[in-house]
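The structure appears right after this line, and notes come after that.
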Amino acid sequence: SAVISQKPSRDICQRGTSLTIQCQVDSQVTMMFWYRQQPGQSLTLIATANQGSEATYESGFVIDKFPISRPNLTFSTLTVSNMSPEDSSIYLCSVGGGQDTQYFGPGTRLTVL
Amino acid sequence: GESVGLHLPTLSVQEGDNSIINCAYSNSASDYFIWYKQESGKGPQFIIDIRSNMDKRQGQRVTVLLNKTVKHLSLQIAATQPGDSAVYFCAENIAGGTSYGKLTFGQGTILTVHP
């Protein structure tokens, strides 16, 4: 299985600011995904990030709010822009997919004051 | 996927008992299903998966059952241990097309194992 790391592991931010979350994988992967997990809830897919193409966003998520980069096959970033307290969540990246097992990173715990 | 509420279902068991966690999925086109375990402060950890051409799959101490007729998935944990205490999520996927690789998660179940 892939080993996935995320930075930062947690952060406390002021409203109106932006935070960029990094996701690093120890092997080259085609598909990477970003999920949000609001407090006490399940995971919701934000977008799919494939190298060499623009990210594909799910309903309710837009590029201006959650810009994503995928510069190579082992790395991706998710930015949470112009944050509000409602953005307080755990943000998780994952790799794999389709009929392959999807593995998750440890998550970034974001609190917006 | 399933609607998500603020209060997750809970299951409390005694150490050594067998646990059964249930999940109803919504999309009859889903053909791949995964169970994840999430411990406090960690990301989801893969437990076991099953494809739609199967109705049962066994792993170490875990068994997943799939009933496509009623769109129901269950995870059975044998001889439950305190280390099994966590939130358990089912996830479904549709292979192919624009849904390739996208997981839809169920609401989750909190499992508490008492020594």
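Chain lettering (A, B, ...) mirrors the order of the structure tokens, residue numbering begins at 1 for each chain separately, and ligand numbering begins at 1 in order of display.
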
Spatial neighbours of B:Asp49, max dist 10 Å, only C-alpha atoms, sep filter under 2 positions, as a ChimeraX atom specification: /A:99-101 /B:32-36,46-47,51,56-59,63-65,90-92

Distance-based interface of chain A with chain B, 8 Å, counting only C-alpha atoms, as number ranges by chain: A: 31, 40-45, 48, 92, 96-99, 101-107

Contacts of stretch 68-85 of chain A within 9 Å, only C-alpha atoms, excl. fewer than 2 positions in-chain, as a PyMOL selection string: chain A and resi 13-32+34+47+49-55+63-66+87-88+91+93+111-113

Per DSSP on the backbone, filter stretch 7-113 of chain A down to the residues in strand (DSSP E) and report them as an mmCIF file with N, CA, C and O atoms, in the first residue's frame.
data_model
loop_
_atom_site.group_PDB
_atom_site.id
_atom_site.type_symbol
_atom_site.label_atom_id
_atom_site.label_comp_id
_atom_site.auth_asym_id
_atom_site.auth_seq_id
_atom_site.Cartn_x
_atom_site.Cartn_y
_atom_site.Cartn_z
ATOM 1 N N LYS A 7 0.820 17.700 5.142
ATOM 2 C CA LYS A 7 1.298 18.821 5.927
ATOM 3 C C LYS A 7 0.401 20.020 5.725
ATOM 4 O O LYS A 7 -0.021 20.267 4.575
ATOM 5 N N ARG A 10 -2.184 19.792 11.515
ATOM 6 C CA ARG A 10 -3.281 20.580 12.038
ATOM 7 C C ARG A 10 -2.908 22.051 11.988
ATOM 8 O O ARG A 10 -1.719 22.392 11.921
ATOM 9 N N ASP A 11 -3.916 22.926 11.986
ATOM 10 C CA ASP A 11 -3.653 24.351 12.004
ATOM 11 C C ASP A 11 -4.877 25.087 12.522
ATOM 12 O O ASP A 11 -6.010 24.591 12.392
ATOM 13 N N ILE A 12 -4.619 26.217 13.118
ATOM 14 C CA ILE A 12 -5.682 27.123 13.558
ATOM 15 C C ILE A 12 -5.492 28.416 12.795
ATOM 16 O O ILE A 12 -4.407 29.015 12.853
ATOM 17 N N CYS A 13 -6.505 28.838 12.062
ATOM 18 C CA CYS A 13 -6.379 29.982 11.164
ATOM 19 C C CYS A 13 -7.459 31.017 11.453
ATOM 20 O O CYS A 13 -8.511 30.700 12.019
ATOM 21 N N LEU A 19 -5.210 28.654 3.521
ATOM 22 C CA LEU A 19 -4.259 27.631 3.962
ATOM 23 C C LEU A 19 -4.042 26.646 2.828
ATOM 24 O O LEU A 19 -4.999 26.164 2.218
ATOM 25 N N THR A 20 -2.789 26.315 2.570
ATOM 26 C CA THR A 20 -2.464 25.312 1.566
ATOM 27 C C THR A 20 -2.025 24.036 2.253
ATOM 28 O O THR A 20 -1.114 24.054 3.092
ATOM 29 N N ILE A 21 -2.663 22.945 1.902
ATOM 30 C CA ILE A 21 -2.388 21.625 2.472
ATOM 31 C C ILE A 21 -1.630 20.810 1.434
ATOM 32 O O ILE A 21 -2.018 20.779 0.262
ATOM 33 N N GLN A 22 -0.575 20.165 1.880
ATOM 34 C CA GLN A 22 0.238 19.366 0.980
ATOM 35 C C GLN A 22 -0.010 17.881 1.200
ATOM 36 O O GLN A 22 -0.217 17.433 2.331
ATOM 37 N N CYS A 23 0.052 17.130 0.117
ATOM 38 C CA CYS A 23 -0.106 15.673 0.166
ATOM 39 C C CYS A 23 1.032 15.052 -0.631
ATOM 40 O O CYS A 23 1.197 15.362 -1.816
ATOM 41 N N GLN A 24 1.805 14.200 0.025
ATOM 42 C CA GLN A 24 2.960 13.560 -0.595
ATOM 43 C C GLN A 24 2.790 12.048 -0.534
ATOM 44 O O GLN A 24 2.439 11.506 0.523
ATOM 45 N N VAL A 25 3.040 11.376 -1.661
ATOM 46 C CA VAL A 25 2.922 9.915 -1.740
ATOM 47 C C VAL A 25 4.295 9.331 -2.034
ATOM 48 O O VAL A 25 5.090 9.957 -2.747
ATOM 49 N N MET A 31 -4.180 8.690 -9.848
ATOM 50 C CA MET A 31 -5.349 9.357 -9.302
ATOM 51 C C MET A 31 -5.106 9.769 -7.853
ATOM 52 O O MET A 31 -4.656 8.975 -7.032
ATOM 53 N N MET A 32 -5.420 11.020 -7.576
ATOM 54 C CA MET A 32 -5.413 11.518 -6.201
ATOM 55 C C MET A 32 -6.736 12.224 -5.958
ATOM 56 O O MET A 32 -7.329 12.809 -6.878
ATOM 57 N N PHE A 33 -7.195 12.130 -4.734
ATOM 58 C CA PHE A 33 -8.492 12.687 -4.381
ATOM 59 C C PHE A 33 -8.353 13.524 -3.121
ATOM 60 O O PHE A 33 -7.548 13.223 -2.235
ATOM 61 N N TRP A 34 -9.206 14.518 -2.992
ATOM 62 C CA TRP A 34 -9.285 15.322 -1.774
ATOM 63 C C TRP A 34 -10.689 15.205 -1.200
ATOM 64 O O TRP A 34 -11.690 15.378 -1.917
ATOM 65 N N TYR A 35 -10.749 14.922 0.107
ATOM 66 C CA TYR A 35 -12.015 14.769 0.812
ATOM 67 C C TYR A 35 -12.071 15.759 1.978
ATOM 68 O O TYR A 35 -11.050 16.165 2.519
ATOM 69 N N ARG A 36 -13.291 16.063 2.377
ATOM 70 C CA ARG A 36 -13.515 16.865 3.573
ATOM 71 C C ARG A 36 -14.337 16.039 4.552
ATOM 72 O O ARG A 36 -15.278 15.342 4.153
ATOM 73 N N GLN A 37 -13.976 16.129 5.815
ATOM 74 C CA GLN A 37 -14.733 15.453 6.867
ATOM 75 C C GLN A 37 -15.076 16.481 7.937
ATOM 76 O O GLN A 37 -14.220 16.867 8.740
ATOM 77 N N LEU A 43 -17.123 11.356 5.277
ATOM 78 C CA LEU A 43 -16.242 11.983 4.296
ATOM 79 C C LEU A 43 -17.026 12.367 3.045
ATOM 80 O O LEU A 43 -17.877 11.599 2.573
ATOM 81 N N THR A 44 -16.684 13.516 2.487
ATOM 82 C CA THR A 44 -17.296 14.007 1.249
ATOM 83 C C THR A 44 -16.190 14.339 0.267
ATOM 84 O O THR A 44 -15.247 15.068 0.610
ATOM 85 N N LEU A 45 -16.304 13.842 -0.944
ATOM 86 C CA LEU A 45 -15.301 14.102 -1.968
ATOM 87 C C LEU A 45 -15.382 15.549 -2.426
ATOM 88 O O LEU A 45 -16.461 16.035 -2.784
ATOM 89 N N ILE A 46 -14.229 16.214 -2.410
ATOM 90 C CA ILE A 46 -14.144 17.586 -2.903
ATOM 91 C C ILE A 46 -13.830 17.579 -4.395
ATOM 92 O O ILE A 46 -14.530 18.198 -5.198
ATOM 93 N N ALA A 47 -12.752 16.871 -4.760
ATOM 94 C CA ALA A 47 -12.302 16.896 -6.146
ATOM 95 C C ALA A 47 -11.347 15.747 -6.418
ATOM 96 O O ALA A 47 -10.765 15.161 -5.513
ATOM 97 N N THR A 48 -11.206 15.479 -7.700
ATOM 98 C CA THR A 48 -10.239 14.507 -8.203
ATOM 99 C C THR A 48 -9.106 15.271 -8.868
ATOM 100 O O THR A 48 -9.367 16.171 -9.696
ATOM 101 N N ALA A 49 -7.876 14.915 -8.523
ATOM 102 C CA ALA A 49 -6.707 15.621 -9.054
ATOM 103 C C ALA A 49 -5.833 14.632 -9.802
ATOM 104 O O ALA A 49 -5.179 13.789 -9.195
ATOM 105 N N ASN A 50 -5.836 14.720 -11.116
ATOM 106 C CA ASN A 50 -4.996 13.859 -11.937
ATOM 107 C C ASN A 50 -3.900 14.695 -12.575
ATOM 108 O O ASN A 50 -4.154 15.813 -13.045
ATOM 109 N N THR A 56 -11.094 17.980 -11.155
ATOM 110 C CA THR A 56 -12.528 17.870 -11.381
ATOM 111 C C THR A 56 -13.237 17.980 -10.045
ATOM 112 O O THR A 56 -13.000 17.163 -9.150
ATOM 113 N N TYR A 57 -14.112 18.959 -9.908
ATOM 114 C CA TYR A 57 -14.768 19.247 -8.634
ATOM 115 C C TYR A 57 -16.156 18.632 -8.567
ATOM 116 O O TYR A 57 -16.884 18.571 -9.560
ATOM 117 N N ILE A 68 -6.617 23.504 -6.508
ATOM 118 C CA ILE A 68 -5.812 22.288 -6.359
ATOM 119 C C ILE A 68 -4.685 22.317 -7.380
ATOM 120 O O ILE A 68 -4.882 22.702 -8.524
ATOM 121 N N SER A 69 -3.522 21.898 -6.946
ATOM 122 C CA SER A 69 -2.413 21.699 -7.881
ATOM 123 C C SER A 69 -2.003 20.234 -7.878
ATOM 124 O O SER A 69 -2.156 19.530 -6.868
ATOM 125 N N ARG A 70 -1.489 19.784 -9.013
ATOM 126 C CA ARG A 70 -1.010 18.395 -9.137
ATOM 127 C C ARG A 70 0.194 18.439 -10.072
ATOM 128 O O ARG A 70 0.114 18.054 -11.236
ATOM 129 N N PRO A 71 1.335 18.926 -9.562
ATOM 130 C CA PRO A 71 2.492 19.148 -10.433
ATOM 131 C C PRO A 71 3.186 17.882 -10.908
ATOM 132 O O PRO A 71 3.872 17.906 -11.922
ATOM 133 N N ASN A 72 3.057 16.789 -10.162
ATOM 134 C CA ASN A 72 3.688 15.534 -10.581
ATOM 135 C C ASN A 72 2.906 14.354 -10.008
ATOM 136 O O ASN A 72 1.846 14.549 -9.395
ATOM 137 N N PHE A 75 2.667 14.213 -5.763
ATOM 138 C CA PHE A 75 2.407 15.385 -4.924
ATOM 139 C C PHE A 75 1.168 16.131 -5.396
ATOM 140 O O PHE A 75 0.876 16.221 -6.595
ATOM 141 N N SER A 76 0.435 16.694 -4.415
ATOM 142 C CA SER A 76 -0.711 17.538 -4.721
ATOM 143 C C SER A 76 -0.902 18.522 -3.576
ATOM 144 O O SER A 76 -0.497 18.259 -2.432
ATOM 145 N N THR A 77 -1.509 19.655 -3.879
ATOM 146 C CA THR A 77 -1.879 20.607 -2.840
ATOM 147 C C THR A 77 -3.344 20.979 -2.988
ATOM 148 O O THR A 77 -3.890 21.027 -4.089
ATOM 149 N N LEU A 78 -3.955 21.252 -1.848
ATOM 150 C CA LEU A 78 -5.316 21.785 -1.780
ATOM 151 C C LEU A 78 -5.242 23.067 -0.971
ATOM 152 O O LEU A 78 -4.696 23.075 0.133
ATOM 153 N N THR A 79 -5.775 24.144 -1.519
ATOM 154 C CA THR A 79 -5.835 25.403 -0.783
ATOM 155 C C THR A 79 -7.275 25.663 -0.369
ATOM 156 O O THR A 79 -8.196 25.519 -1.182
ATOM 157 N N VAL A 80 -7.451 26.013 0.883
ATOM 158 C CA VAL A 80 -8.753 26.443 1.376
ATOM 159 C C VAL A 80 -8.684 27.967 1.447
ATOM 160 O O VAL A 80 -7.924 28.521 2.255
ATOM 161 N N SER A 89 -12.682 21.621 9.471
ATOM 162 C CA SER A 89 -12.900 20.232 9.078
ATOM 163 C C SER A 89 -11.565 19.509 9.103
ATOM 164 O O SER A 89 -10.517 20.111 9.306
ATOM 165 N N ILE A 90 -11.652 18.224 8.836
ATOM 166 C CA ILE A 90 -10.458 17.451 8.513
ATOM 167 C C ILE A 90 -10.416 17.329 6.992
ATOM 168 O O ILE A 90 -11.418 16.960 6.370
ATOM 169 N N TYR A 91 -9.270 17.639 6.416
ATOM 170 C CA TYR A 91 -9.097 17.519 4.975
ATOM 171 C C TYR A 91 -8.153 16.349 4.717
ATOM 172 O O TYR A 91 -7.059 16.279 5.288
ATOM 173 N N LEU A 92 -8.590 15.437 3.866
ATOM 174 C CA LEU A 92 -7.849 14.199 3.626
ATOM 175 C C LEU A 92 -7.556 14.029 2.144
ATOM 176 O O LEU A 92 -8.427 14.270 1.303
ATOM 177 N N CYS A 93 -6.339 13.586 1.849
ATOM 178 C CA CYS A 93 -6.058 13.188 0.480
ATOM 179 C C CYS A 93 -6.028 11.660 0.413
ATOM 180 O O CYS A 93 -5.778 10.990 1.422
ATOM 181 N N SER A 94 -6.300 11.142 -0.747
ATOM 182 C CA SER A 94 -6.256 9.694 -0.942
ATOM 183 C C SER A 94 -5.715 9.395 -2.327
ATOM 184 O O SER A 94 -5.725 10.255 -3.216
ATOM 185 N N VAL A 95 -5.239 8.156 -2.483
ATOM 186 C CA VAL A 95 -4.705 7.724 -3.767
ATOM 187 C C VAL A 95 -5.285 6.367 -4.115
ATOM 188 O O VAL A 95 -5.752 5.631 -3.247
ATOM 189 N N TYR A 103 -6.337 4.459 -0.615
ATOM 190 C CA TYR A 103 -5.685 4.667 0.668
ATOM 191 C C TYR A 103 -5.688 6.145 1.011
ATOM 192 O O TYR A 103 -5.560 7.003 0.141
ATOM 193 N N PHE A 104 -5.803 6.409 2.308
ATOM 194 C CA PHE A 104 -5.933 7.779 2.794
ATOM 195 C C PHE A 104 -4.710 8.231 3.571
ATOM 196 O O PHE A 104 -4.045 7.439 4.245
ATOM 197 N N THR A 108 -5.519 16.573 7.641
ATOM 198 C CA THR A 108 -5.137 17.883 8.179
ATOM 199 C C THR A 108 -6.334 18.446 8.914
ATOM 200 O O THR A 108 -7.397 18.629 8.323
ATOM 201 N N ARG A 109 -6.153 18.698 10.197
ATOM 202 C CA ARG A 109 -7.241 19.192 11.037
ATOM 203 C C ARG A 109 -7.197 20.706 11.077
ATOM 204 O O ARG A 109 -6.275 21.286 11.635
ATOM 205 N N LEU A 110 -8.195 21.320 10.483
ATOM 206 C CA LEU A 110 -8.236 22.773 10.336
ATOM 207 C C LEU A 110 -9.316 23.341 11.224
ATOM 208 O O LEU A 110 -10.472 22.900 11.193
ATOM 209 N N THR A 111 -8.934 24.339 12.016
ATOM 210 C CA THR A 111 -9.876 25.097 12.824
ATOM 211 C C THR A 111 -9.797 26.550 12.384
ATOM 212 O O THR A 111 -8.698 27.114 12.327
ATOM 213 N N VAL A 112 -10.940 27.129 12.050
ATOM 214 C CA VAL A 112 -10.991 28.521 11.621
ATOM 215 C C VAL A 112 -11.731 29.332 12.680
ATOM 216 O O VAL A 112 -12.862 29.006 13.045
#
